[in-house]
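File shown: run_20.txt (compact mmCIF, C-alpha atoms and all ligand atoms).
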# COMPACT_ATOMS: atom_id res chain seq x y z
CA MET A 1 4.83 149.79 101.92
CA ALA A 2 5.35 153.18 103.45
CA VAL A 3 3.86 156.13 101.57
CA VAL A 4 6.37 157.79 99.27
CA THR A 5 6.23 161.56 99.70
CA CYS A 6 9.63 162.85 98.59
CA ILE A 7 12.68 161.99 96.49
CA GLU A 8 14.53 160.89 99.64
CA ASP A 9 11.91 158.15 100.14
CA LEU A 10 12.63 156.92 96.62
CA ARG A 11 16.37 156.98 97.29
CA VAL A 12 15.97 154.86 100.41
CA LEU A 13 13.83 152.35 98.53
CA ALA A 14 16.27 152.25 95.61
CA GLN A 15 19.15 151.59 97.96
CA ARG A 16 17.22 148.62 99.31
CA ARG A 17 16.12 147.28 95.91
CA VAL A 18 19.06 147.81 93.55
CA PRO A 19 22.28 145.76 93.75
CA ARG A 20 24.95 147.67 95.58
CA MET A 21 27.28 148.25 92.63
CA PHE A 22 24.58 149.99 90.56
CA TYR A 23 23.06 151.95 93.41
CA ASP A 24 26.56 153.12 94.38
CA TYR A 25 27.36 153.99 90.76
CA ALA A 26 24.52 156.51 90.78
CA ASP A 27 24.93 157.74 94.34
CA SER A 28 28.56 158.78 94.16
CA GLY A 29 30.82 161.63 93.24
CA SER A 30 34.52 161.63 92.47
CA TRP A 31 37.25 161.45 95.11
CA SER A 32 36.13 163.22 98.31
CA GLU A 33 32.62 163.85 96.88
CA SER A 34 32.77 167.45 98.11
CA THR A 35 31.36 168.86 94.84
CA TYR A 36 28.72 166.14 94.80
CA ARG A 37 27.55 167.20 98.27
CA ALA A 38 27.85 170.92 97.53
CA ASN A 39 25.52 170.60 94.53
CA SER A 40 22.65 169.84 96.90
CA SER A 41 23.69 171.74 100.01
CA ASP A 42 24.28 175.02 98.11
CA LEU A 43 20.82 174.72 96.58
CA GLU A 44 19.21 174.06 99.96
CA ALA A 45 20.87 177.15 101.43
CA ILE A 46 19.01 179.50 99.05
CA GLU A 47 16.01 181.02 100.83
CA PHE A 48 12.73 182.28 99.40
CA ARG A 49 10.69 185.38 100.03
CA GLN A 50 7.37 184.26 101.47
CA ARG A 51 4.50 186.31 100.05
CA VAL A 52 0.95 186.34 101.43
CA ALA A 53 -2.55 187.42 100.44
CA VAL A 54 -1.70 187.05 96.74
CA ASP A 55 -4.15 185.36 94.36
CA MET A 56 -2.70 181.86 93.95
CA ASP A 57 -5.46 180.41 91.82
CA GLN A 58 -4.92 179.06 88.27
CA ARG A 59 -1.23 178.28 88.29
CA THR A 60 0.87 176.92 85.44
CA LEU A 61 4.26 175.25 85.18
CA ARG A 62 4.08 174.93 81.39
CA SER A 63 7.15 176.09 79.57
CA THR A 64 9.35 175.23 76.59
CA MET A 65 12.80 173.72 76.18
CA LEU A 66 14.39 174.04 72.72
CA GLY A 67 11.02 175.27 71.53
CA GLU A 68 9.34 172.01 72.58
CA PRO A 69 6.42 172.39 75.00
CA VAL A 70 7.15 170.85 78.41
CA ALA A 71 4.85 170.22 81.39
CA MET A 72 7.54 171.84 83.56
CA PRO A 73 11.06 173.04 82.76
CA VAL A 74 12.67 169.81 83.95
CA ALA A 75 14.23 167.24 81.61
CA LEU A 76 15.55 163.79 82.46
CA ALA A 77 19.34 163.97 82.26
CA PRO A 78 21.43 161.34 80.51
CA VAL A 79 22.55 158.71 83.02
CA GLY A 80 24.85 155.84 82.07
CA LEU A 81 23.72 152.30 82.91
CA THR A 82 20.15 153.34 83.63
CA GLY A 83 19.06 149.90 82.42
CA MET A 84 21.01 148.37 85.29
CA GLN A 85 18.99 150.23 87.91
CA ARG A 86 16.01 148.20 86.68
CA GLY A 87 15.69 145.88 83.65
CA ASP A 88 14.84 147.92 80.51
CA GLY A 89 15.33 151.06 82.62
CA GLU A 90 15.85 153.49 79.74
CA ILE A 91 12.62 152.39 78.07
CA LEU A 92 10.71 152.70 81.35
CA ALA A 93 12.11 156.16 82.10
CA ALA A 94 11.52 157.38 78.52
CA ARG A 95 7.91 156.22 78.71
CA ALA A 96 7.33 157.91 82.06
CA ALA A 97 8.84 161.15 80.73
CA GLU A 98 6.75 161.02 77.57
CA LYS A 99 3.51 160.48 79.50
CA PHE A 100 4.39 163.28 81.90
CA GLY A 101 5.35 165.67 79.13
CA VAL A 102 9.03 166.27 79.83
CA PRO A 103 12.07 165.46 77.67
CA PHE A 104 14.06 162.25 78.15
CA THR A 105 17.76 162.14 77.28
CA LEU A 106 19.30 158.79 76.37
CA SER A 107 22.96 158.37 77.33
CA THR A 108 25.54 156.98 74.90
CA MET A 109 26.38 154.62 77.78
CA SER A 110 22.84 153.29 78.06
CA ILE A 111 21.85 149.64 78.23
CA CYS A 112 18.85 149.91 75.89
CA SER A 113 19.95 151.12 72.45
CA ILE A 114 18.76 154.24 70.62
CA GLU A 115 16.70 152.06 68.27
CA ASP A 116 15.23 150.08 71.14
CA VAL A 117 14.05 153.16 73.01
CA ALA A 118 12.69 154.70 69.79
CA ALA A 119 10.64 151.55 69.21
CA HIS A 120 8.98 151.92 72.62
CA VAL A 121 8.02 155.60 72.68
CA SER A 122 5.91 157.66 70.34
CA LYS A 123 7.51 161.10 70.71
CA PRO A 124 11.11 162.08 69.93
CA PHE A 125 13.65 161.95 72.74
CA TRP A 126 17.09 163.56 73.06
CA PHE A 127 20.36 161.71 72.57
CA GLN A 128 23.51 162.42 74.59
CA LEU A 129 26.82 161.95 72.81
CA TYR A 130 30.25 161.06 74.13
CA VAL A 131 33.16 161.51 71.74
CA MET A 132 35.27 158.38 71.26
CA ARG A 133 38.65 158.13 69.57
CA ASP A 134 36.96 156.21 66.77
CA ARG A 135 35.35 159.14 64.92
CA GLY A 136 33.74 156.76 62.44
CA PHE A 137 31.78 155.25 65.31
CA VAL A 138 30.85 158.71 66.65
CA GLY A 139 29.60 159.69 63.19
CA ARG A 140 27.52 156.52 62.99
CA LEU A 141 26.06 157.17 66.45
CA ILE A 142 24.98 160.64 65.30
CA ASP A 143 23.40 159.14 62.18
CA ARG A 144 21.60 156.52 64.27
CA ALA A 145 20.18 159.21 66.57
CA LYS A 146 19.00 161.09 63.50
CA ALA A 147 17.45 157.99 61.97
CA ALA A 148 15.66 157.26 65.27
CA GLY A 149 14.09 160.73 65.13
CA CYS A 150 15.87 162.20 68.16
CA SER A 151 15.00 165.88 68.43
CA ALA A 152 18.20 167.14 70.07
CA LEU A 153 21.80 166.09 70.48
CA VAL A 154 23.27 166.73 73.94
CA LEU A 155 27.04 166.77 73.58
CA THR A 156 28.87 166.15 76.86
CA LEU A 157 32.12 168.11 77.03
CA ASP A 158 33.30 167.32 80.55
CA LEU A 159 34.13 163.64 80.29
CA GLN A 160 37.13 163.06 78.04
CA ILE A 161 38.68 161.27 80.97
CA LEU A 162 36.80 159.75 83.89
CA GLY A 163 36.89 161.09 87.45
CA GLN A 164 37.64 158.38 89.99
CA ARG A 165 34.67 157.18 92.00
CA HIS A 166 36.11 155.03 94.77
CA LYS A 167 32.98 152.93 95.22
CA ASP A 168 32.96 151.76 91.57
CA LEU A 169 36.50 150.44 91.89
CA LYS A 170 35.80 148.80 95.22
CA ASN A 171 32.60 147.21 93.92
CA GLY A 172 34.19 146.06 90.64
CA LEU A 173 31.44 147.82 88.67
CA SER A 174 30.73 146.09 85.37
CA THR A 175 27.82 145.37 83.11
CA PRO A 176 26.60 142.75 83.12
CA PRO A 177 27.81 142.23 86.69
CA LYS A 178 30.42 139.51 87.16
CA LEU A 179 28.92 136.49 88.87
CA THR A 180 31.19 136.47 91.89
CA LEU A 181 29.95 135.03 95.17
CA ALA A 182 29.66 138.49 96.69
CA ASN A 183 27.64 139.81 93.73
CA ILE A 184 25.35 136.79 93.66
CA ALA A 185 24.77 137.09 97.41
CA ASN A 186 23.94 140.78 97.04
CA MET A 187 21.66 140.30 94.02
CA ALA A 188 19.82 137.50 95.78
CA THR A 189 18.52 140.07 98.26
CA LYS A 190 16.97 142.16 95.42
CA PRO A 191 14.09 140.06 94.04
CA ARG A 192 12.40 142.90 92.10
CA TRP A 193 15.64 143.74 90.33
CA CYS A 194 16.40 140.08 89.54
CA TRP A 195 12.91 139.50 88.17
CA ALA A 196 13.10 142.46 85.78
CA MET A 197 16.65 141.58 84.77
CA LEU A 198 15.81 137.95 84.06
CA ARG A 199 12.93 139.03 81.81
CA THR A 200 15.08 141.22 79.57
CA ARG A 201 17.99 140.45 77.25
CA ARG A 202 19.27 144.02 77.51
CA ARG A 203 22.24 143.79 79.87
CA GLU A 204 25.11 145.29 77.91
CA PHE A 205 25.87 148.72 76.48
CA GLY A 206 23.25 148.59 73.74
CA ASN A 207 24.57 151.50 71.67
CA ILE A 208 28.03 150.04 71.51
CA VAL A 209 28.11 146.25 71.72
CA GLY A 210 27.63 144.90 68.20
CA HIS A 211 28.28 148.32 66.64
CA VAL A 212 32.05 148.52 66.97
CA THR A 213 34.60 145.98 65.90
CA GLY A 214 37.87 145.17 67.60
CA ILE A 215 36.67 146.02 71.09
CA ASP A 216 36.84 143.11 73.44
CA ASP A 217 35.73 143.28 77.04
CA MET A 218 33.97 146.60 77.57
CA SER A 219 32.16 145.51 80.69
CA SER A 220 34.30 147.71 82.93
CA LEU A 221 33.17 151.27 82.43
CA SER A 222 36.33 152.84 83.81
CA GLU A 223 38.70 150.75 81.66
CA TRP A 224 36.63 151.11 78.54
CA THR A 225 36.29 154.86 78.97
CA ALA A 226 40.03 155.22 79.48
CA ARG A 227 40.71 153.33 76.25
CA GLN A 228 37.95 154.67 74.02
CA PHE A 229 36.99 158.21 75.04
CA ASP A 230 39.00 160.86 73.23
CA PRO A 231 41.18 162.98 75.53
CA LYS A 232 41.82 165.29 72.55
CA LEU A 233 38.19 166.44 72.20
CA SER A 234 38.20 170.13 71.20
CA TRP A 235 35.97 172.94 69.96
CA ASP A 236 36.83 171.87 66.38
CA ASP A 237 35.05 168.61 67.14
CA VAL A 238 31.99 170.54 68.30
CA ALA A 239 31.92 172.16 64.84
CA TRP A 240 31.96 168.93 62.83
CA ILE A 241 29.52 167.24 65.19
CA LYS A 242 27.11 170.16 64.81
CA ASP A 243 27.49 169.90 61.06
CA ARG A 244 26.96 166.16 60.89
CA TRP A 245 23.98 166.32 63.25
CA GLY A 246 22.28 169.30 61.60
CA GLY A 247 19.63 169.66 64.33
CA LYS A 248 19.26 171.21 67.78
CA LEU A 249 22.52 171.01 69.73
CA VAL A 250 22.97 171.28 73.51
CA LEU A 251 26.43 171.52 75.11
CA LYS A 252 26.69 169.94 78.54
CA GLY A 253 29.33 170.52 81.19
CA ILE A 254 29.96 174.28 81.02
CA MET A 255 31.14 175.74 84.35
CA ASP A 256 33.14 178.73 83.20
CA ALA A 257 32.15 182.01 81.53
CA GLU A 258 34.98 181.77 78.97
CA ASP A 259 33.80 178.33 77.94
CA ALA A 260 30.25 179.65 77.83
CA HIS A 261 31.34 182.26 75.26
CA ARG A 262 32.90 179.45 73.19
CA ALA A 263 29.64 177.56 73.46
CA VAL A 264 27.72 180.55 72.09
CA ALA A 265 30.26 180.98 69.28
CA SER A 266 29.82 177.31 68.36
CA GLY A 267 26.22 178.01 67.43
CA ALA A 268 24.72 175.64 70.01
CA ASP A 269 21.06 176.13 70.95
CA ALA A 270 21.47 175.67 74.71
CA LEU A 271 24.18 174.95 77.25
CA ILE A 272 23.99 173.07 80.51
CA VAL A 273 25.83 174.39 83.54
CA SER A 274 26.96 171.10 84.97
CA ASN A 275 29.82 169.51 86.88
CA HIS A 276 28.53 166.07 85.91
CA GLY A 277 26.76 165.62 89.23
CA GLY A 278 30.04 166.06 91.11
CA ARG A 279 31.45 163.00 89.35
CA GLN A 280 34.34 164.63 87.51
CA LEU A 281 36.34 167.56 88.96
CA ASP A 282 36.03 167.17 92.72
CA GLY A 283 36.58 170.65 94.15
CA ALA A 284 34.71 172.44 91.38
CA PRO A 285 31.99 174.77 92.70
CA SER A 286 28.45 173.52 92.82
CA SER A 287 26.42 174.06 89.63
CA ILE A 288 24.14 176.57 91.35
CA ARG A 289 27.14 178.69 92.39
CA ALA A 290 28.52 178.63 88.85
CA LEU A 291 25.16 179.47 87.26
CA PRO A 292 24.79 183.26 87.83
CA ALA A 293 28.11 184.24 86.24
CA ILE A 294 27.31 182.17 83.16
CA VAL A 295 23.82 183.63 82.88
CA ASP A 296 25.39 187.09 83.18
CA ALA A 297 27.92 186.31 80.48
CA VAL A 298 25.75 184.62 77.86
CA GLY A 299 22.16 184.43 79.09
CA ARG A 300 20.97 186.83 76.39
CA ASP A 301 22.61 184.81 73.60
CA ILE A 302 21.77 181.21 74.46
CA ASP A 303 19.41 179.22 76.69
CA VAL A 304 21.24 178.38 79.90
CA TRP A 305 20.09 175.28 81.77
CA MET A 306 21.46 173.69 84.93
CA ASP A 307 21.80 170.24 86.47
CA GLY A 308 23.41 168.96 89.65
CA GLY A 309 21.94 168.44 93.09
CA ILE A 310 18.27 168.91 92.22
CA ARG A 311 16.20 166.75 94.57
CA SER A 312 13.01 168.80 94.86
CA GLY A 313 10.76 171.30 93.18
CA GLN A 314 12.22 173.94 95.48
CA ASP A 315 15.62 173.21 93.91
CA VAL A 316 14.19 173.58 90.41
CA ILE A 317 12.73 177.00 91.21
CA ARG A 318 16.00 178.09 92.88
CA ALA A 319 17.82 177.38 89.61
CA LEU A 320 15.16 179.24 87.63
CA ALA A 321 15.37 182.18 90.04
CA LEU A 322 19.10 182.42 89.40
CA GLY A 323 18.56 182.58 85.66
CA ALA A 324 18.33 179.01 84.35
CA LYS A 325 15.71 178.62 81.61
CA GLY A 326 15.51 174.91 82.29
CA THR A 327 16.85 172.18 84.56
CA LEU A 328 17.74 168.50 84.36
CA ILE A 329 17.40 165.80 86.98
CA GLY A 330 19.52 162.64 87.08
CA ARG A 331 19.62 160.85 90.40
CA ALA A 332 16.13 162.05 91.36
CA PHE A 333 14.56 159.97 88.58
CA VAL A 334 17.10 157.14 88.81
CA TYR A 335 16.12 156.59 92.44
CA GLY A 336 12.49 156.41 91.36
CA LEU A 337 13.38 153.87 88.69
CA GLY A 338 15.36 151.68 91.08
CA ALA A 339 12.61 151.92 93.68
CA MET A 340 9.52 151.28 91.56
CA GLY A 341 10.34 151.03 87.85
CA GLU A 342 8.32 153.23 85.49
CA ALA A 343 5.86 154.12 88.25
CA GLY A 344 8.77 155.35 90.35
CA VAL A 345 9.98 157.71 87.61
CA THR A 346 6.44 159.03 87.29
CA LYS A 347 6.34 159.42 91.06
CA ALA A 348 9.61 161.38 91.05
CA LEU A 349 8.21 163.73 88.38
CA GLU A 350 4.94 164.14 90.27
CA ILE A 351 6.75 164.93 93.51
CA ILE A 352 8.93 167.55 91.85
CA ALA A 353 6.04 169.11 89.93
CA LYS A 354 3.91 169.41 93.05
CA GLU A 355 6.71 170.90 95.11
CA LEU A 356 7.52 173.30 92.27
CA ASP A 357 3.91 174.37 91.91
CA LEU A 358 3.34 174.99 95.63
CA THR A 359 6.69 176.72 96.11
CA MET A 360 5.91 179.06 93.22
CA ALA A 361 2.55 179.85 94.84
CA PHE A 362 4.05 180.47 98.30
CA CYS A 363 6.44 182.90 96.60
CA GLY A 364 3.41 184.74 95.24
CA LEU A 365 3.53 183.67 91.57
CA ARG A 366 1.14 181.79 89.32
CA ASP A 367 3.16 181.36 86.14
CA ILE A 368 6.57 179.69 86.05
CA ALA A 369 7.58 182.14 83.31
CA ASP A 370 7.47 184.95 85.92
CA VAL A 371 10.06 183.37 88.23
CA ASP A 372 13.16 185.52 88.69
CA ALA A 373 15.55 186.63 91.43
CA ASN A 374 12.74 188.62 93.09
CA ILE A 375 11.44 185.44 94.67
CA LEU A 376 14.67 185.08 96.65
CA TRP A 377 14.96 186.39 100.18
CA ARG A 378 18.42 187.74 99.54
CA ALA A 379 17.16 189.96 96.71
CA GLN A 380 15.37 192.05 99.35
CA ASN A 381 17.70 191.54 102.28
CA ALA A 382 21.20 191.60 100.78
C1 LIG B 401 29.18 158.92 83.05
O1 LIG B 401 28.91 158.07 82.27
C2 LIG B 401 29.39 158.80 84.45
O2 LIG B 401 29.59 157.68 84.93
O3 LIG B 401 29.38 159.84 85.11
Using the file provided, produce a representation of the structure as structure tokens.
Ligand code: GLV
Amino acid sequence: MAVVTCIEDLRVLAQRRVPRMFYDYADSGSWSESTYRANSSDLEAIEFRQRVAVDMDQRTLRSTMLGEPVAMPVALAPVGLTGMQRGDGEILAARAAEKFGVPFTLSTMSICSIEDVAAHVSKPFWFQLYVMRDRGFVGRLIDRAKAAGCSALVLTLDLQILGQRHKDLKNGLSTPPKLTLANIANMATKPRWCWAMLRTRRREFGNIVGHVTGIDDMSSLSEWTARQFDPKLSWDDVAWIKDRWGGKLVLKGIMDAEDAHRAVASGADALIVSNHGGRQLDGAPSSIRALPAIVDAVGRDIDVWMDGGIRSGQDVIRALALGAKGTLIGRAFVYGLGAMGEAGVTKALEIIAKELDLTMAFCGLRDIADVDANILWRAQNA
């Protein structure tokens, strides 16, 4: 096997090893995918100031997120259907994150359940919440996350309705996949995936199946979301959710300074500047473009994090330079998982950490806490 040196190598391997419908599910944005592409291309366009003859010995990436020590300010973002990228995927990714020393966030729409993941890790992880019409179920999900010892609740605010991703409709995305001739033919070319999937019984939405009554076929994500997610979600819901949860709360999906002020007023501990990886409002600006105005507006009152488009350590430090206190990666670790299971997630984290460390050094710094806009070329050459 060729040597893996960057996230792109993991993506290429994942594309080869994961059935098309699940690879495409991760590697897509809504409609024209312009926001999806801009998330990465706007990051790449940000240039650094190269500094020389600076002592670069004894560097550290150690930081904190929500007061928890982290090996680097990078958390694994919640990603639906992670357990379809590789059998038991959420457990594998959570383990890799725990060993590396970064937070793992379990999606409501995961395959492995909250309880299942908790049984396979030794440190607390974060739980991401979607708000369904059935508030009783939402309340029970919050209680389950609490009982499992989750150390933060990440409430997603940008997915009351689902953006259309053409590939999912064309592929007939469902979990478990329907055994059509085309799907069987495609899966037959993915022996690693089949092997892991045959060895696990976790093939449905583990947090949901068996925990709600009166819901029949929920295999189609788009149909189920349309029927169950609550289009009426409001800031009043944030208040009762915060109350019921009683722990650290992170609000995900903030792209606007006015909404950021509401997030601060809600008493949340952190907010995530995010356009859902370009999967919701196609035509929204990239996360990195939205970040500075939000940091300006509320950066003194709340921890501002960012996700969207991060495929390298350089991207992480770009977000930090523009004021993010932390970042999250989704596809970057999902590609690792699809490519090589737990080892692939570890590889993705190692790649990003190494790139982050060296980039920081080339910019003349030794401590990640010192990163600010001064490392950017435009700060000196505007
Ligand atoms: C969320 O679950 C998504 O598909 O983006």
Query raised in the report: So what do you get for atom CA of Ala148 of chain A versus atom CA of Lys232 of chain A, distance-wise?
Result: 28.3 Å
Which residues of chain A come within 8 Å of ligand LIG 401 (chain B), and for each one, what is the closest pair of atoms and their distance in Å to one decimal, counting all atoms listed in the file, sorted by chain and residue number, as JSON lines?
{"residue": "A:Tyr25", "atom": "CA", "partner": "B:LIG401", "partner_atom": "O2", "distance": 7.3}
{"residue": "A:Ala26", "atom": "CA", "partner": "B:LIG401", "partner_atom": "O2", "distance": 7.8}
{"residue": "A:Val79", "atom": "CA", "partner": "B:LIG401", "partner_atom": "O1", "distance": 6.4}
{"residue": "A:Gly80", "atom": "CA", "partner": "B:LIG401", "partner_atom": "O1", "distance": 4.6}
{"residue": "A:Leu81", "atom": "CA", "partner": "B:LIG401", "partner_atom": "O1", "distance": 7.8}
{"residue": "A:Ser107", "atom": "CA", "partner": "B:LIG401", "partner_atom": "O1", "distance": 7.7}
{"residue": "A:Met109", "atom": "CA", "partner": "B:LIG401", "partner_atom": "O1", "distance": 6.2}
{"residue": "A:Leu159", "atom": "CA", "partner": "B:LIG401", "partner_atom": "C1", "distance": 7.4}
{"residue": "A:Leu162", "atom": "CA", "partner": "B:LIG401", "partner_atom": "C2", "distance": 7.5}
{"residue": "A:Gly163", "atom": "CA", "partner": "B:LIG401", "partner_atom": "O3", "distance": 8.0}
{"residue": "A:Leu221", "atom": "CA", "partner": "B:LIG401", "partner_atom": "O2", "distance": 7.8}
{"residue": "A:His276", "atom": "CA", "partner": "B:LIG401", "partner_atom": "O3", "distance": 6.3}
{"residue": "A:Gly277", "atom": "CA", "partner": "B:LIG401", "partner_atom": "O3", "distance": 7.6}
{"residue": "A:Arg279", "atom": "CA", "partner": "B:LIG401", "partner_atom": "O3", "distance": 5.7}
{"residue": "A:Gln280", "atom": "CA", "partner": "B:LIG401", "partner_atom": "O3", "distance": 7.3}
Query raised in the report: In Å to one decimal, how far is atom CA of Asp24 of chain A from atom CA of Ile351 of chain A?
Result: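 Distance between the two atoms: 23.1 Å.
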Requested in this report: Find the distance between atom CA of Tyr36 of chain A and atom CA of Gly89 of chain A and write it in Å to one decimal.
Outcome: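 Distance between the two atoms: 23.6 Å.
With distances restricted to all atoms listed in the file, A:Ala284 is the closest residue to Arg37 of chain A from A:Ala361, A:Ala284, A:Ala226, A:Ala343.
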Query raised in the report: From the set A:Gln160, A:Asn275, A:Asn207, A:Thr64, which residue has the shortest atom-to-atom contact distance to Val131 of chain A, counting only C-alpha atoms?
Result: A:Gln160
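Among the candidate residues A:Asp27, A:Glu350, A:Asp143, A:Glu44, the one lying nearest to Phe127 of chain A is A:Asp143, with distances computed using only C-alpha atoms.
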Query raised in the report: Mind listing as a PyMOL selection string all residues within 12 Å of (16.4, 142.4, 84.2), counting all atoms listed in the file?
Result: chain A and resi 18-19+82-90+111-112+175-177+187+190-204+338+341
Report task. For each of A:Thr225, A:Thr346, A:Ser174, A:Ser151, take the minimum atom-to-atom distance to Met65 of chain A, counting all atoms listed in the file, then give the residue where this is smallest. Result ->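 Looking only at the distances to Met65 of chain A, the closest residue turns out to be A:Ser151.
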Requested in this report: Tell me, as a list in words, which residues lie within 12 Å of Arg51 of chain A, counting all atoms listed in the file; anything in the same chain fewer than 6 positions away does not count.
Outcome: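 Counting only the stated atoms, we get Thr359, Met360, Ala361, Phe362, Cys363, Gly364, Leu365, Asn374, Ile375, Leu376 and Trp377 of chain A.
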Query raised in the report: If you count all atoms listed in the file, which residues fall within 10 Å of Val121 of chain A, apart from same-chain ones fewer than 4 positions away, as a ChimeraX atom specification?
Result: /A:91-92,94-99,116-117,125
Could you make a table, as a Markdown table, of the residues of segment 311-352 of chain A that have an atom within 10 Å of an atom of segment 3-7 of chain A, each with its nearest atom pair and distance in Å to one decimal, counting all atoms listed in the file, in chain and number order?
| residue | atom | partner | partner_atom | distance |
| --- | --- | --- | --- | --- |
| A:Arg311 | CA | A:Ile7 | CA | 6.2 |
| A:Ser312 | CA | A:Ile7 | CA | 7.0 |
| A:Arg331 | CA | A:Ile7 | CA | 9.3 |
| A:Ala332 | CA | A:Ile7 | CA | 6.2 |
| A:Phe333 | CA | A:Ile7 | CA | 8.4 |
| A:Tyr335 | CA | A:Ile7 | CA | 7.6 |
| A:Gly336 | CA | A:Ile7 | CA | 7.6 |
| A:Gly344 | CA | A:Val4 | CA | 9.6 |
| A:Lys347 | CA | A:Val4 | CA | 8.4 |
| A:Ala348 | CA | A:Ile7 | CA | 6.3 |
| A:Leu349 | CA | A:Ile7 | CA | 9.4 |
| A:Glu350 | CA | A:Cys6 | CA | 9.6 |
| A:Ile351 | CA | A:Cys6 | CA | 6.2 |
| A:Ile352 | CA | A:Ile7 | CA | 8.2 |
Requested in this report: For Val250 of chain A, please output as a list in words all residues within 8 Å (counting only C-alpha atoms; exclusion window: fewer than 6 positions along the same chain).
Outcome: Ala152, Leu153, Val154, Leu155, Ala268, Asp269, Ala270, Leu271 and Ile272 of chain A
Residues within 12 Å of Leu251 of chain A, please, as a PDB file with C-alpha atoms, keeping the file's coordinate frame. Count only C-alpha atoms; anything in the same chain fewer than 3 positions from it doesn't count.
ATOM      1  CA  PHE A 127      20.360 161.710  72.570  1.00  0.00           C
ATOM      2  CA  GLN A 128      23.510 162.420  74.590  1.00  0.00           C
ATOM      3  CA  LEU A 129      26.820 161.950  72.810  1.00  0.00           C
ATOM      4  CA  TYR A 130      30.250 161.060  74.130  1.00  0.00           C
ATOM      5  CA  ALA A 152      18.200 167.140  70.070  1.00  0.00           C
ATOM      6  CA  LEU A 153      21.800 166.090  70.480  1.00  0.00           C
ATOM      7  CA  VAL A 154      23.270 166.730  73.940  1.00  0.00           C
ATOM      8  CA  LEU A 155      27.040 166.770  73.580  1.00  0.00           C
ATOM      9  CA  THR A 156      28.870 166.150  76.860  1.00  0.00           C
ATOM     10  CA  LEU A 157      32.120 168.110  77.030  1.00  0.00           C
ATOM     11  CA  ASP A 158      33.300 167.320  80.550  1.00  0.00           C
ATOM     12  CA  TRP A 235      35.970 172.940  69.960  1.00  0.00           C
ATOM     13  CA  VAL A 238      31.990 170.540  68.300  1.00  0.00           C
ATOM     14  CA  ALA A 239      31.920 172.160  64.840  1.00  0.00           C
ATOM     15  CA  ILE A 241      29.520 167.240  65.190  1.00  0.00           C
ATOM     16  CA  LYS A 242      27.110 170.160  64.810  1.00  0.00           C
ATOM     17  CA  LYS A 248      19.260 171.210  67.780  1.00  0.00           C
ATOM     18  CA  ILE A 254      29.960 174.280  81.020  1.00  0.00           C
ATOM     19  CA  MET A 255      31.140 175.740  84.350  1.00  0.00           C
ATOM     20  CA  ASP A 259      33.800 178.330  77.940  1.00  0.00           C
ATOM     21  CA  ALA A 260      30.250 179.650  77.830  1.00  0.00           C
ATOM     22  CA  HIS A 261      31.340 182.260  75.260  1.00  0.00           C
ATOM     23  CA  ARG A 262      32.900 179.450  73.190  1.00  0.00           C
ATOM     24  CA  ALA A 263      29.640 177.560  73.460  1.00  0.00           C
ATOM     25  CA  VAL A 264      27.720 180.550  72.090  1.00  0.00           C
ATOM     26  CA  ALA A 265      30.260 180.980  69.280  1.00  0.00           C
ATOM     27  CA  SER A 266      29.820 177.310  68.360  1.00  0.00           C
ATOM     28  CA  GLY A 267      26.220 178.010  67.430  1.00  0.00           C
ATOM     29  CA  ALA A 268      24.720 175.640  70.010  1.00  0.00           C
ATOM     30  CA  ASP A 269      21.060 176.130  70.950  1.00  0.00           C
ATOM     31  CA  ALA A 270      21.470 175.670  74.710  1.00  0.00           C
ATOM     32  CA  LEU A 271      24.180 174.950  77.250  1.00  0.00           C
ATOM     33  CA  ILE A 272      23.990 173.070  80.510  1.00  0.00           C
ATOM     34  CA  VAL A 273      25.830 174.390  83.540  1.00  0.00           C
ATOM     35  CA  SER A 274      26.960 171.100  84.970  1.00  0.00           C
ATOM     36  CA  ILE A 302      21.770 181.210  74.460  1.00  0.00           C
ATOM     37  CA  ASP A 303      19.410 179.220  76.690  1.00  0.00           C
ATOM     38  CA  VAL A 304      21.240 178.380  79.900  1.00  0.00           C
ATOM     39  CA  TRP A 305      20.090 175.280  81.770  1.00  0.00           C
ATOM     40  CA  MET A 306      21.460 173.690  84.930  1.00  0.00           C
TER      41      MET A 306
END
Report task. Write out as a ChimeraX atom specification the residues lying within 10 Å of Asn183 of chain A, counting all atoms listed in the file and excluding same-chain residues fewer than 5 positions away. Result -> /A:19-21,171-172,177-178,188
Tell me, counting only C-alpha atoms, for each residue of segment 31-113 of chain A within 10 Å of segment 289-297 of chain A, which pair of atoms is nearest and how far apart they are in Å to one decimal, in rows ordered by chain and increasing number, as JSON lines.
{"residue": "A:Ala38", "atom": "CA", "partner": "A:Arg289", "partner_atom": "CA", "distance": 9.3}
{"residue": "A:Asn39", "atom": "CA", "partner": "A:Arg289", "partner_atom": "CA", "distance": 8.5}
{"residue": "A:Asp42", "atom": "CA", "partner": "A:Arg289", "partner_atom": "CA", "distance": 7.4}
{"residue": "A:Leu43", "atom": "CA", "partner": "A:Arg289", "partner_atom": "CA", "distance": 8.6}
Report task. For each of A:Ile184, A:Gly283, A:Thr108, A:Asp168, take the minimum atom-to-atom distance to Ile208 of chain A, counting all atoms listed in the file, then give the residue where this is smallest. Result ->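 Counting all atoms listed in the file, the residue closest to Ile208 of chain A is A:Thr108.
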